[in-house]
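run_29.pdb follows (PDB, C-alpha atoms, pLDDT in the B column):
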ATOM      1  CA  ASP A   1     103.732 228.266 -16.184  1.00 48.00           C
ATOM      2  CA  GLU A   2     102.080 231.593 -15.384  1.00 51.00           C
ATOM      3  CA  ILE A   3     105.249 233.509 -16.277  1.00 54.00           C
ATOM      4  CA  LYS A   4     105.533 231.583 -19.532  1.00 59.00           C
ATOM      5  CA  ALA A   5     101.944 232.425 -20.545  1.00 64.00           C
ATOM      6  CA  GLU A   6     102.077 236.083 -19.519  1.00 78.00           C
ATOM      7  CA  GLY A   7     105.701 236.765 -20.319  1.00 87.00           C
ATOM      8  CA  ARG A   8     108.379 237.975 -17.975  1.00 90.00           C
ATOM      9  CA  VAL A   9     107.766 241.688 -18.628  1.00 92.00           C
ATOM     10  CA  ALA A  10     104.014 241.392 -18.033  1.00 89.00           C
ATOM     11  CA  VAL A  11     104.695 239.687 -14.692  1.00 90.00           C
ATOM     12  CA  GLU A  12     107.102 242.473 -13.694  1.00 92.00           C
ATOM     13  CA  LEU A  13     104.426 245.077 -14.539  1.00 93.00           C
ATOM     14  CA  GLU A  14     101.755 243.471 -12.343  1.00 92.00           C
ATOM     15  CA  GLY A  15     100.501 245.884  -9.709  1.00 93.00           C
ATOM     16  CA  LYS A  16     102.508 248.798 -11.153  1.00 95.00           C
ATOM     17  CA  LEU A  17     100.320 250.016 -14.016  1.00 96.00           C
ATOM     18  CA  ILE A  18      98.065 253.034 -13.676  1.00 96.00           C
ATOM     19  CA  ASN A  19      96.118 255.157 -16.152  1.00 96.00           C
ATOM     20  CA  SER A  20      98.298 258.071 -17.283  1.00 95.00           C
ATOM     21  CA  GLN A  21      95.452 260.572 -16.968  1.00 93.00           C
ATOM     22  CA  THR A  22      93.599 259.415 -13.867  1.00 92.00           C
ATOM     23  CA  GLY A  23      96.115 257.514 -11.759  1.00 93.00           C
ATOM     24  CA  GLN A  24      93.652 254.648 -11.317  1.00 95.00           C
ATOM     25  CA  PRO A  25      95.058 251.098 -11.422  1.00 96.00           C
ATOM     26  CA  GLU A  26      94.963 249.729 -14.956  1.00 95.00           C
ATOM     27  CA  PRO A  27      96.346 246.181 -15.200  1.00 94.00           C
ATOM     28  CA  LEU A  28      97.033 244.428 -18.479  1.00 91.00           C
ATOM     29  CA  ASN A  29      94.219 242.464 -20.074  1.00 86.00           C
ATOM     30  CA  THR A  30      94.678 238.897 -18.829  1.00 79.00           C
ATOM     31  CA  ASN A  31      92.671 237.579 -21.787  1.00 83.00           C
ATOM     32  CA  ALA A  32      95.078 239.055 -24.332  1.00 84.00           C
ATOM     33  CA  TRP A  33      98.668 239.297 -23.129  1.00 86.00           C
ATOM     34  CA  PRO A  34     100.720 241.711 -25.234  1.00 91.00           C
ATOM     35  CA  ARG A  35     103.271 240.317 -27.643  1.00 91.00           C
ATOM     36  CA  TYR A  36     105.308 243.520 -27.612  1.00 94.00           C
ATOM     37  CA  ILE A  37     105.668 246.133 -24.892  1.00 95.00           C
ATOM     38  CA  VAL A  38     106.852 249.575 -25.893  1.00 97.00           C
ATOM     39  CA  PHE A  39     108.223 251.712 -23.092  1.00 96.00           C
ATOM     40  CA  LEU A  40     108.498 255.450 -23.511  1.00 97.00           C
ATOM     41  CA  ARG A  41     110.552 257.173 -20.799  1.00 95.00           C
ATOM     42  CA  GLY A  42     110.036 260.870 -20.656  1.00 95.00           C
ATOM     43  CA  GLN A  43     109.230 263.998 -18.738  1.00 95.00           C
ATOM     44  CA  SER A  44     106.863 266.870 -19.451  1.00 96.00           C
ATOM     45  CA  THR A  45     109.559 269.504 -19.003  1.00 96.00           C
ATOM     46  CA  CYS A  46     112.026 267.863 -21.398  1.00 96.00           C
ATOM     47  CA  PRO A  47     111.979 269.677 -24.767  1.00 96.00           C
ATOM     48  CA  ILE A  48     113.176 266.579 -26.634  1.00 95.00           C
ATOM     49  CA  THR A  49     110.359 264.498 -25.080  1.00 95.00           C
ATOM     50  CA  ARG A  50     107.867 267.236 -26.003  1.00 95.00           C
ATOM     51  CA  ASN A  51     109.179 267.248 -29.566  1.00 95.00           C
ATOM     52  CA  PHE A  52     109.069 263.447 -29.983  1.00 95.00           C
ATOM     53  CA  ALA A  53     105.821 262.704 -28.102  1.00 95.00           C
ATOM     54  CA  PRO A  54     103.340 264.066 -30.711  1.00 96.00           C
ATOM     55  CA  THR A  55     104.931 261.911 -33.440  1.00 94.00           C
ATOM     56  CA  PHE A  56     104.844 258.867 -31.191  1.00 96.00           C
ATOM     57  CA  ILE A  57     101.247 259.530 -30.111  1.00 96.00           C
ATOM     58  CA  LYS A  58     100.125 259.882 -33.734  1.00 95.00           C
ATOM     59  CA  TYR A  59     101.895 256.629 -34.611  1.00 95.00           C
ATOM     60  CA  CYS A  60     100.327 254.793 -31.663  1.00 95.00           C
ATOM     61  CA  ASN A  61      96.845 256.068 -32.440  1.00 94.00           C
ATOM     62  CA  GLY A  62      97.132 254.812 -36.024  1.00 92.00           C
ATOM     63  CA  MET A  63      98.716 251.499 -35.070  1.00 92.00           C
ATOM     64  CA  LYS A  64      96.580 250.389 -32.103  1.00 88.00           C
ATOM     65  CA  MET A  65      93.544 249.041 -33.970  1.00 89.00           C
ATOM     66  CA  ALA A  66      95.654 246.960 -36.361  1.00 92.00           C
ATOM     67  CA  HIS A  67      98.053 245.786 -33.655  1.00 93.00           C
ATOM     68  CA  PRO A  68      96.297 245.032 -30.375  1.00 92.00           C
ATOM     69  CA  GLU A  69      99.279 242.819 -29.491  1.00 91.00           C
ATOM     70  CA  VAL A  70     101.283 245.980 -28.739  1.00 95.00           C
ATOM     71  CA  GLU A  71     101.094 247.618 -25.321  1.00 95.00           C
ATOM     72  CA  VAL A  72     102.543 251.085 -24.763  1.00 97.00           C
ATOM     73  CA  VAL A  73     103.717 251.932 -21.259  1.00 97.00           C
ATOM     74  CA  TYR A  74     104.881 255.389 -20.236  1.00 97.00           C
ATOM     75  CA  LEU A  75     107.752 255.331 -17.735  1.00 95.00           C
ATOM     76  CA  THR A  76     107.541 258.697 -16.053  1.00 93.00           C
ATOM     77  CA  ILE A  77     110.476 260.250 -14.271  1.00 93.00           C
ATOM     78  CA  GLU A  78     108.496 263.029 -12.603  1.00 94.00           C
ATOM     79  CA  ASP A  79     105.754 263.354 -10.004  1.00 94.00           C
ATOM     80  CA  LEU A  80     102.474 261.753 -11.040  1.00 94.00           C
ATOM     81  CA  PRO A  81     100.421 264.998 -10.999  1.00 95.00           C
ATOM     82  CA  GLU A  82     102.807 266.360 -13.657  1.00 96.00           C
ATOM     83  CA  THR A  83     102.453 263.150 -15.657  1.00 95.00           C
ATOM     84  CA  PHE A  84      98.648 263.331 -15.512  1.00 96.00           C
ATOM     85  CA  LYS A  85      98.733 266.934 -16.687  1.00 97.00           C
ATOM     86  CA  PHE A  86     101.149 266.063 -19.528  1.00 97.00           C
ATOM     87  CA  ALA A  87      99.014 263.095 -20.646  1.00 97.00           C
ATOM     88  CA  LYS A  88      95.852 265.193 -20.703  1.00 97.00           C
ATOM     89  CA  GLU A  89      97.586 268.028 -22.527  1.00 97.00           C
ATOM     90  CA  LEU A  90      98.971 265.775 -25.268  1.00 96.00           C
ATOM     91  CA  GLY A  91      96.023 263.388 -25.306  1.00 95.00           C
ATOM     92  CA  PHE A  92      97.610 260.039 -24.508  1.00 95.00           C
ATOM     93  CA  ASP A  93      96.125 257.479 -22.148  1.00 92.00           C
ATOM     94  CA  TRP A  94      98.723 254.738 -22.087  1.00 94.00           C
ATOM     95  CA  ARG A  95      99.346 252.831 -18.950  1.00 96.00           C
ATOM     96  CA  THR A  96     101.998 254.468 -16.795  1.00 96.00           C
ATOM     97  CA  VAL A  97     104.545 253.251 -14.293  1.00 94.00           C
ATOM     98  CA  SER A  98     105.531 255.780 -11.653  1.00 90.00           C
ATOM     99  CA  TYR A  99     109.212 256.467 -11.109  1.00 85.00           C
ATOM    100  CA  GLU A 100     109.139 254.722  -7.726  1.00 82.00           C
ATOM    101  CA  ASN A 101     107.901 251.503  -9.402  1.00 81.00           C
ATOM    102  CA  THR A 102     110.339 251.284 -12.296  1.00 78.00           C
ATOM    103  CA  THR A 103     112.382 248.481 -10.751  1.00 82.00           C
ATOM    104  CA  MET A 104     111.953 245.782 -13.381  1.00 90.00           C
ATOM    105  CA  PRO A 105     114.826 243.334 -13.912  1.00 92.00           C
ATOM    106  CA  SER A 106     114.049 242.854 -17.608  1.00 92.00           C
ATOM    107  CA  VAL A 107     113.869 246.600 -18.384  1.00 92.00           C
ATOM    108  CA  ASN A 108     116.347 248.253 -16.000  1.00 91.00           C
ATOM    109  CA  PRO A 109     119.547 247.127 -17.778  1.00 92.00           C
ATOM    110  CA  TYR A 110     118.448 249.116 -20.840  1.00 93.00           C
ATOM    111  CA  ILE A 111     117.385 252.298 -19.079  1.00 91.00           C
ATOM    112  CA  ASP A 112     119.648 255.207 -19.907  1.00 88.00           C
ATOM    113  CA  GLY A 113     119.737 258.464 -17.985  1.00 86.00           C
ATOM    114  CA  ARG A 114     118.786 260.459 -21.086  1.00 93.00           C
ATOM    115  CA  ILE A 115     115.243 261.061 -22.310  1.00 95.00           C
ATOM    116  CA  PRO A 116     113.176 260.498 -24.261  1.00 96.00           C
ATOM    117  CA  GLN A 117     113.929 256.820 -24.505  1.00 96.00           C
ATOM    118  CA  LEU A 118     111.891 254.344 -26.516  1.00 96.00           C
ATOM    119  CA  ILE A 119     112.431 250.680 -25.628  1.00 96.00           C
ATOM    120  CA  VAL A 120     110.666 247.918 -27.569  1.00 96.00           C
ATOM    121  CA  MET A 121     110.650 244.471 -25.956  1.00 96.00           C
ATOM    122  CA  ASP A 122     108.911 241.214 -26.517  1.00 94.00           C
ATOM    123  CA  ARG A 123     106.924 240.012 -23.549  1.00 89.00           C
ATOM    124  CA  ASP A 124     109.735 237.701 -22.461  1.00 91.00           C
ATOM    125  CA  GLY A 125     112.125 240.628 -22.024  1.00 92.00           C
ATOM    126  CA  LYS A 126     114.124 240.455 -25.253  1.00 94.00           C
ATOM    127  CA  MET A 127     115.079 243.997 -26.262  1.00 95.00           C
ATOM    128  CA  LEU A 128     114.112 244.595 -29.905  1.00 96.00           C
ATOM    129  CA  ALA A 129     114.795 248.336 -30.229  1.00 96.00           C
ATOM    130  CA  ASN A 130     116.231 251.018 -27.984  1.00 96.00           C
ATOM    131  CA  GLY A 131     116.325 254.665 -29.005  1.00 95.00           C
ATOM    132  CA  ILE A 132     117.580 257.462 -26.796  1.00 95.00           C
ATOM    133  CA  GLN A 133     117.014 261.155 -27.498  1.00 94.00           C
ATOM    134  CA  ALA A 134     117.809 261.714 -31.206  1.00 92.00           C
ATOM    135  CA  THR A 135     117.634 257.961 -31.924  1.00 93.00           C
ATOM    136  CA  ALA A 136     114.113 257.515 -30.485  1.00 94.00           C
ATOM    137  CA  PRO A 137     112.577 257.996 -33.974  1.00 93.00           C
ATOM    138  CA  ALA A 138     114.849 255.213 -35.290  1.00 94.00           C
ATOM    139  CA  ALA A 139     113.529 252.874 -32.581  1.00 95.00           C
ATOM    140  CA  LEU A 140     110.007 253.798 -33.687  1.00 94.00           C
ATOM    141  CA  GLN A 141     110.944 252.853 -37.263  1.00 94.00           C
ATOM    142  CA  GLN A 142     112.278 249.525 -35.972  1.00 95.00           C
ATOM    143  CA  LEU A 143     108.952 248.905 -34.218  1.00 94.00           C
ATOM    144  CA  ASP A 144     107.087 249.743 -37.415  1.00 93.00           C
ATOM    145  CA  ALA A 145     109.243 247.304 -39.414  1.00 94.00           C
ATOM    146  CA  LEU A 146     108.689 244.635 -36.760  1.00 93.00           C
ATOM    147  CA  LEU A 147     104.918 245.046 -36.956  1.00 92.00           C
ATOM    148  CA  LYS A 148     104.973 244.723 -40.754  1.00 90.00           C
ATOM    149  CA  GLN A 149     106.489 241.254 -40.492  1.00 87.00           C
ATOM    150  CA  PRO A 150     104.059 238.334 -40.622  1.00 80.00           C
ATOM    151  CA  MET A 151     103.311 236.804 -37.215  1.00 71.00           C
ATOM    152  CA  ASN A 152     104.548 233.265 -36.651  1.00 64.00           C
TER     153      ASN A 152
END

Let me see the structure of the file written as structure tokens.
Amino acid sequence: DEIKAEGRVAVELEGKLINSQTGQPEPLNTNAWPRYIVFLRGQSTCPITRNFAPTFIKYCNGMKMAHPEVEVVYLTIEDLPETFKFAKELGFDWRTVSYENTTMPSVNPYIDGRIPQLIVMDRDGKMLANGIQATAPAALQQLDALLKQPMN
């Protein structure tokens, strides 16, 4: 019953989420489980990630108030001190999962070796969009279209 209420992805994230700027544990809000979880995989030294991140950050900042049902999680593939520096530099404070903790059965089948990668899932693990490198903006457009649909 707990998995059904929280969603499979939320359960897999338990104990893995930290603040992207401070490294402090930052679990999901148990009073408002996310409907959608958006994973951004990236690295501070990747030029494509650096090019895409400002667009994604701007989108997230504009979307968050209207869509609290969306949770953004940064899947870092570098050491946490580099991630913290990157987050502070670009001004994002999404929850982060360290590379060592990215073993998540619902997410791993979709992870590609290339970055940036934007994966949009519902909380039960259904993949709704998956953009890798040049197609990451298309996945962002799919998320935007999804959020414009009326909620059931």

Pick from A:Leu13, A:Lys85, A:Gln43, A:Met63, whichever lies nearest to Glu26 of chain A using only C-alpha atoms: A:Leu13

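By all atoms listed in the file, and with residues fewer than 2 positions from Thr96 of chain A along its chain excluded, the set lying at most 9 Å from it is Lys16, Leu17, Ile18, Asn19, Ser20, Gln21, Gly23, Glu26, Val72, Val73, Tyr74, Leu75, Thr76, Thr83, Asp93, Trp94 and Ser98 of chain A.
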
Distance criterion (all atoms listed in the file): nearest to Trp33 of chain A out of A:Leu80, A:Ile48, A:Met65, A:Val70: A:Val70

Closest-contact table, segment 17-74 of chain A side, partner segment 129-146 of chain A, 9 Å, counting only C-alpha atoms, as a tab-separated table:
residue	atom	partner	partner_atom	distance
A:Val38	CA	A:Leu143	CA	8.6
A:Ile48	CA	A:Gln133	CA	6.7
A:Thr49	CA	A:Gln133	CA	7.8
A:Phe52	CA	A:Pro137	CA	7.6
A:Thr55	CA	A:Pro137	CA	8.6
A:Phe56	CA	A:Leu140	CA	7.7
A:Tyr59	CA	A:Leu140	CA	8.6
A:Met63	CA	A:Asp144	CA	8.9

Answer key for the PyMOL selection byres ((chain A and resi 88-90) around 10), residues as a PyMOL selection string: chain A and resi 20-22+44+50+53-54+57+82-87+91-93

Distance of atom CA of Glu69 of chain A from atom CA of Lys148 of chain A, expressed in Å to one decimal place: 12.8 Å

Neighbour list for Ala10 of chain A as a PyMOL selection string, cut-off 9 Å, all atoms listed in the file, skip fewer than 5 positions in-chain: chain A and resi 3+28+33-34+37+123-124

Between atom CA of Pro25 of chain A and atom CA of Ile119 of chain A, distance in Å (one decimal):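 Atom-to-atom, atom CA of Pro25 of chain A to atom CA of Ile119 of chain A, that is 22.4 Å.
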
Coordinates-based distance that separates atom CA of Asp112 of chain A from atom CA of Met127 of chain A (Å, one decimal):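 So the two atoms, atom CA of Met127 of chain A and atom CA of Asp112 of chain A, lie 13.7 Å apart.
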
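Closest approach to Ser106 of chain A from the set A:Ala66, A:Cys46, A:Leu118, A:Lys126 is made by A:Lys126, with distances taken over all atoms listed in the file.
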
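When the distance limit is 12 Å and all atoms listed in the file are what count, the residues near Met151 of chain A, minus those fewer than 6 positions from it on the same chain, are A:Arg35, A:Tyr36, A:His67, A:Glu69.
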
Ground truth for the PyMOL selection byres ((chain A and resi 114) around 9), written as a list in words: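 After applying the PyMOL selection byres ((chain A and resi 114) around 9), what remains is Arg41, Gly42, Ile111, Asp112, Gly113, Ile115, Pro116, Gln117, Ile132 and Gln133 of chain A.
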